[in-house]
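A.B. asks: A single structure is presented below for examination.
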Amino acid sequence: MLRLSRKTLFAIEAVLDIAYHAGSEPVQSREITRRQGIPRRYLEQALQSLVREGLLVGVRGPRGGYRLAKERRRITVGDVIRIIRRVETAEDPLQEAAGSQLAQRVVRPLWQELQGELMNRLDQVTIDDLCVRANGAGIASEGRTNLDFSI
């Protein structure tokens, strides 16, 4: 459906946060919560779903956290949305059998067409594109400041 749920928005923000603020260490969920203001209960659910689907890697241990499972230029916003949609329990009204002829043959197909166009566009926007936008907006990356290049 053409709507952005809180869980989907939080998942996109979390993946972007991990990509943008990643340094040499995994990004901890409490850091994402601190920076993004995402409630922990939403964040942990979204992160676990993204790990199960292979978009993120969870690292255990006292310095554990989350990393991207592949390069940020290979992850699209569409990827994140599809994963979260699969785990959301809300019914999609477009899939209901009931409804008038106008709804079934005109309105729902139009809505599905628009959704397809939107998802095609979101499949063209990578997490790397969003990181470039964040940098252009002047948002400082904590990961870059935490990198230690001493030899």
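A note on labels: chains of the structure tokens are A, B, ... as shown, every chain counts residues from 1, and ligands are counted from 1 in their shown order.
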Please return as a PyMOL selection string: the residues of region 6-126 of chain A that backbone DSSP assigns to helix (DSSP H, G or I).

C.D. replies: chain A and resi 6-21+29-36+40-52+72-74+77-87+93-95+101-122

A.B. asks: If you count only C-alpha atoms, which residues fall within 10 Å of Ala14 (chain A), apart from same-chain ones fewer than 2 positions away, as a PDB file with N, CA and C atoms, in the first residue's frame?

C.D. replies:
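Everything below was put into out-v5.pdb:
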```
ATOM      1  N   THR A   8       8.538   0.910   8.905  1.00  0.00           N
ATOM      2  CA  THR A   8       9.292   1.037   7.657  1.00  0.00           C
ATOM      3  C   THR A   8      10.205   2.250   7.701  1.00  0.00           C
ATOM      4  N   LEU A   9       9.676   3.375   8.152  1.00  0.00           N
ATOM      5  CA  LEU A   9      10.477   4.589   8.268  1.00  0.00           C
ATOM      6  C   LEU A   9      11.661   4.362   9.208  1.00  0.00           C
ATOM      7  N   PHE A  10      11.419   3.741  10.344  1.00  0.00           N
ATOM      8  CA  PHE A  10      12.485   3.464  11.302  1.00  0.00           C
ATOM      9  C   PHE A  10      13.536   2.531  10.702  1.00  0.00           C
ATOM     10  N   ALA A  11      13.098   1.539   9.923  1.00  0.00           N
ATOM     11  CA  ALA A  11      14.035   0.596   9.310  1.00  0.00           C
ATOM     12  C   ALA A  11      14.943   1.318   8.306  1.00  0.00           C
ATOM     13  N   ILE A  12      14.354   2.192   7.495  1.00  0.00           N
ATOM     14  CA  ILE A  12      15.157   2.955   6.532  1.00  0.00           C
ATOM     15  C   ILE A  12      16.159   3.835   7.277  1.00  0.00           C
ATOM     16  N   LEU A  16      20.258   3.463   7.109  1.00  0.00           N
ATOM     17  CA  LEU A  16      21.025   4.650   6.737  1.00  0.00           C
ATOM     18  C   LEU A  16      21.991   5.038   7.857  1.00  0.00           C
ATOM     19  N   ASP A  17      21.537   4.992   9.097  1.00  0.00           N
ATOM     20  CA  ASP A  17      22.401   5.321  10.235  1.00  0.00           C
ATOM     21  C   ASP A  17      23.596   4.382  10.279  1.00  0.00           C
ATOM     22  N   ILE A  18      23.353   3.095  10.099  1.00  0.00           N
ATOM     23  CA  ILE A  18      24.449   2.121  10.134  1.00  0.00           C
ATOM     24  C   ILE A  18      25.436   2.398   9.002  1.00  0.00           C
ATOM     25  N   ALA A  19      24.919   2.685   7.820  1.00  0.00           N
ATOM     26  CA  ALA A  19      25.798   2.954   6.680  1.00  0.00           C
ATOM     27  C   ALA A  19      26.574   4.253   6.861  1.00  0.00           C
ATOM     28  N   TYR A  20      25.913   5.266   7.361  1.00  0.00           N
ATOM     29  CA  TYR A  20      26.508   6.596   7.450  1.00  0.00           C
ATOM     30  C   TYR A  20      27.459   6.744   8.632  1.00  0.00           C
ATOM     31  N   VAL A  27      27.850  -0.820  14.514  1.00  0.00           N
ATOM     32  CA  VAL A  27      27.024   0.236  15.087  1.00  0.00           C
ATOM     33  C   VAL A  27      26.069  -0.400  16.099  1.00  0.00           C
ATOM     34  N   SER A  29      22.829  -0.664  18.624  1.00  0.00           N
ATOM     35  CA  SER A  29      21.447  -0.194  18.542  1.00  0.00           C
ATOM     36  C   SER A  29      21.192   0.994  19.464  1.00  0.00           C
ATOM     37  N   ILE A  32      22.064   4.082  17.608  1.00  0.00           N
ATOM     38  CA  ILE A  32      21.031   4.433  16.627  1.00  0.00           C
ATOM     39  C   ILE A  32      19.863   5.096  17.346  1.00  0.00           C
ATOM     40  N   THR A  33      19.462   4.541  18.475  1.00  0.00           N
ATOM     41  CA  THR A  33      18.377   5.119  19.265  1.00  0.00           C
ATOM     42  C   THR A  33      18.732   6.542  19.701  1.00  0.00           C
ATOM     43  N   ARG A  35      20.894   8.669  18.288  1.00  0.00           N
ATOM     44  CA  ARG A  35      20.980   9.607  17.163  1.00  0.00           C
ATOM     45  C   ARG A  35      19.635   9.842  16.484  1.00  0.00           C
ATOM     46  N   GLN A  36      18.840   8.792  16.336  1.00  0.00           N
ATOM     47  CA  GLN A  36      17.614   8.889  15.541  1.00  0.00           C
ATOM     48  C   GLN A  36      16.349   9.040  16.376  1.00  0.00           C
ATOM     49  N   ILE A  38      14.685   6.646  17.701  1.00  0.00           N
ATOM     50  CA  ILE A  38      13.794   5.525  17.404  1.00  0.00           C
ATOM     51  C   ILE A  38      13.595   4.711  18.679  1.00  0.00           C
ATOM     52  N   LEU A  43      13.006  -0.466  16.966  1.00  0.00           N
ATOM     53  CA  LEU A  43      14.317  -0.616  16.363  1.00  0.00           C
ATOM     54  C   LEU A  43      14.780  -2.065  16.372  1.00  0.00           C
ATOM     55  N   GLU A  44      14.699  -2.720  17.521  1.00  0.00           N
ATOM     56  CA  GLU A  44      15.170  -4.106  17.622  1.00  0.00           C
ATOM     57  C   GLU A  44      14.388  -5.032  16.691  1.00  0.00           C
ATOM     58  N   ALA A  46      12.900  -4.228  13.860  1.00  0.00           N
ATOM     59  CA  ALA A  46      13.309  -3.932  12.483  1.00  0.00           C
ATOM     60  C   ALA A  46      14.708  -4.492  12.209  1.00  0.00           C
ATOM     61  N   LEU A  47      15.643  -4.286  13.135  1.00  0.00           N
ATOM     62  CA  LEU A  47      17.007  -4.767  12.931  1.00  0.00           C
ATOM     63  C   LEU A  47      17.051  -6.282  12.811  1.00  0.00           C
ATOM     64  N   TYR A  66      25.649  -3.834  14.657  1.00  0.00           N
ATOM     65  CA  TYR A  66      25.162  -4.186  13.324  1.00  0.00           C
ATOM     66  C   TYR A  66      26.045  -3.562  12.256  1.00  0.00           C
TER      67      TYR A  66
END
```

A.B. asks: Residues at most 10 Å from Arg63 (chain A), counting only C-alpha atoms, excluding those fewer than 5 positions away in the same chain, as a count of residues only?

C.D. replies: 4

A.B. asks: Report as a list in words all protein, DNA and RNA residues lying within 7 Å of Ile127 (chain A), evaluated on only C-alpha atoms, omitting residues in the same chain fewer than 3 positions from it.

C.D. replies: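 The residues that qualify are Leu16, Arg72, Arg73, Ile75, Thr76, Val77, Leu130 and Cys131 of chain A.
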
A.B. asks: Determine the nearest neighbour of Glu13 (chain A) from the options A:Ala134, A:Arg86, A:Arg105, A:Arg52, counting only C-alpha atoms.

C.D. replies: A:Ala134

A.B. asks: Would you list, as a PyMOL selection string, the residues of region 6-140 of chain A that end up in strand (DSSP E or B) under DSSP run on this structure's backbone?

C.D. replies: chain A and resi 27+56-59+65-68+76+126

A.B. asks: Using only C-alpha atoms, can you tell me which of A:Ala137, A:Gly78, A:Arg41, A:Val132 comes closest to Leu118 (chain A)?

C.D. replies: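 The shortest atom-to-atom distance to Leu118 (chain A) comes from A:Gly78.
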
A.B. asks: List the spatial neighbours of region 67-69 of chain A as a list in words - criterion: any atom at most 6 Å away, only C-alpha atoms, same-chain residues fewer than 2 positions off excluded.

C.D. replies: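 Listing them by chain and then by number gives Pro26, Leu55, Leu56 and Val57 of chain A.
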
A.B. asks: Since we have the selection now, will you write its residues out, keeping N, CA, C and O atoms, as a PDB file, in the first residue's frame?

C.D. replies:
```
ATOM      1  N   PRO A  26      31.165  -2.271  14.710  1.00  0.00           N
ATOM      2  CA  PRO A  26      29.735  -2.325  14.368  1.00  0.00           C
ATOM      3  C   PRO A  26      28.968  -1.200  15.070  1.00  0.00           C
ATOM      4  O   PRO A  26      29.399  -0.700  16.107  1.00  0.00           O
ATOM      5  N   LEU A  55      20.163  -8.451   5.009  1.00  0.00           N
ATOM      6  CA  LEU A  55      20.542  -7.080   4.661  1.00  0.00           C
ATOM      7  C   LEU A  55      21.575  -6.532   5.651  1.00  0.00           C
ATOM      8  O   LEU A  55      22.431  -5.740   5.284  1.00  0.00           O
ATOM      9  N   LEU A  56      21.462  -6.973   6.901  1.00  0.00           N
ATOM     10  CA  LEU A  56      22.409  -6.592   7.945  1.00  0.00           C
ATOM     11  C   LEU A  56      23.056  -7.841   8.524  1.00  0.00           C
ATOM     12  O   LEU A  56      22.521  -8.945   8.394  1.00  0.00           O
ATOM     13  N   VAL A  57      24.175  -7.635   9.194  1.00  0.00           N
ATOM     14  CA  VAL A  57      24.844  -8.696   9.936  1.00  0.00           C
ATOM     15  C   VAL A  57      24.881  -8.258  11.387  1.00  0.00           C
ATOM     16  O   VAL A  57      25.298  -7.128  11.683  1.00  0.00           O
TER      17      VAL A  57
END
```
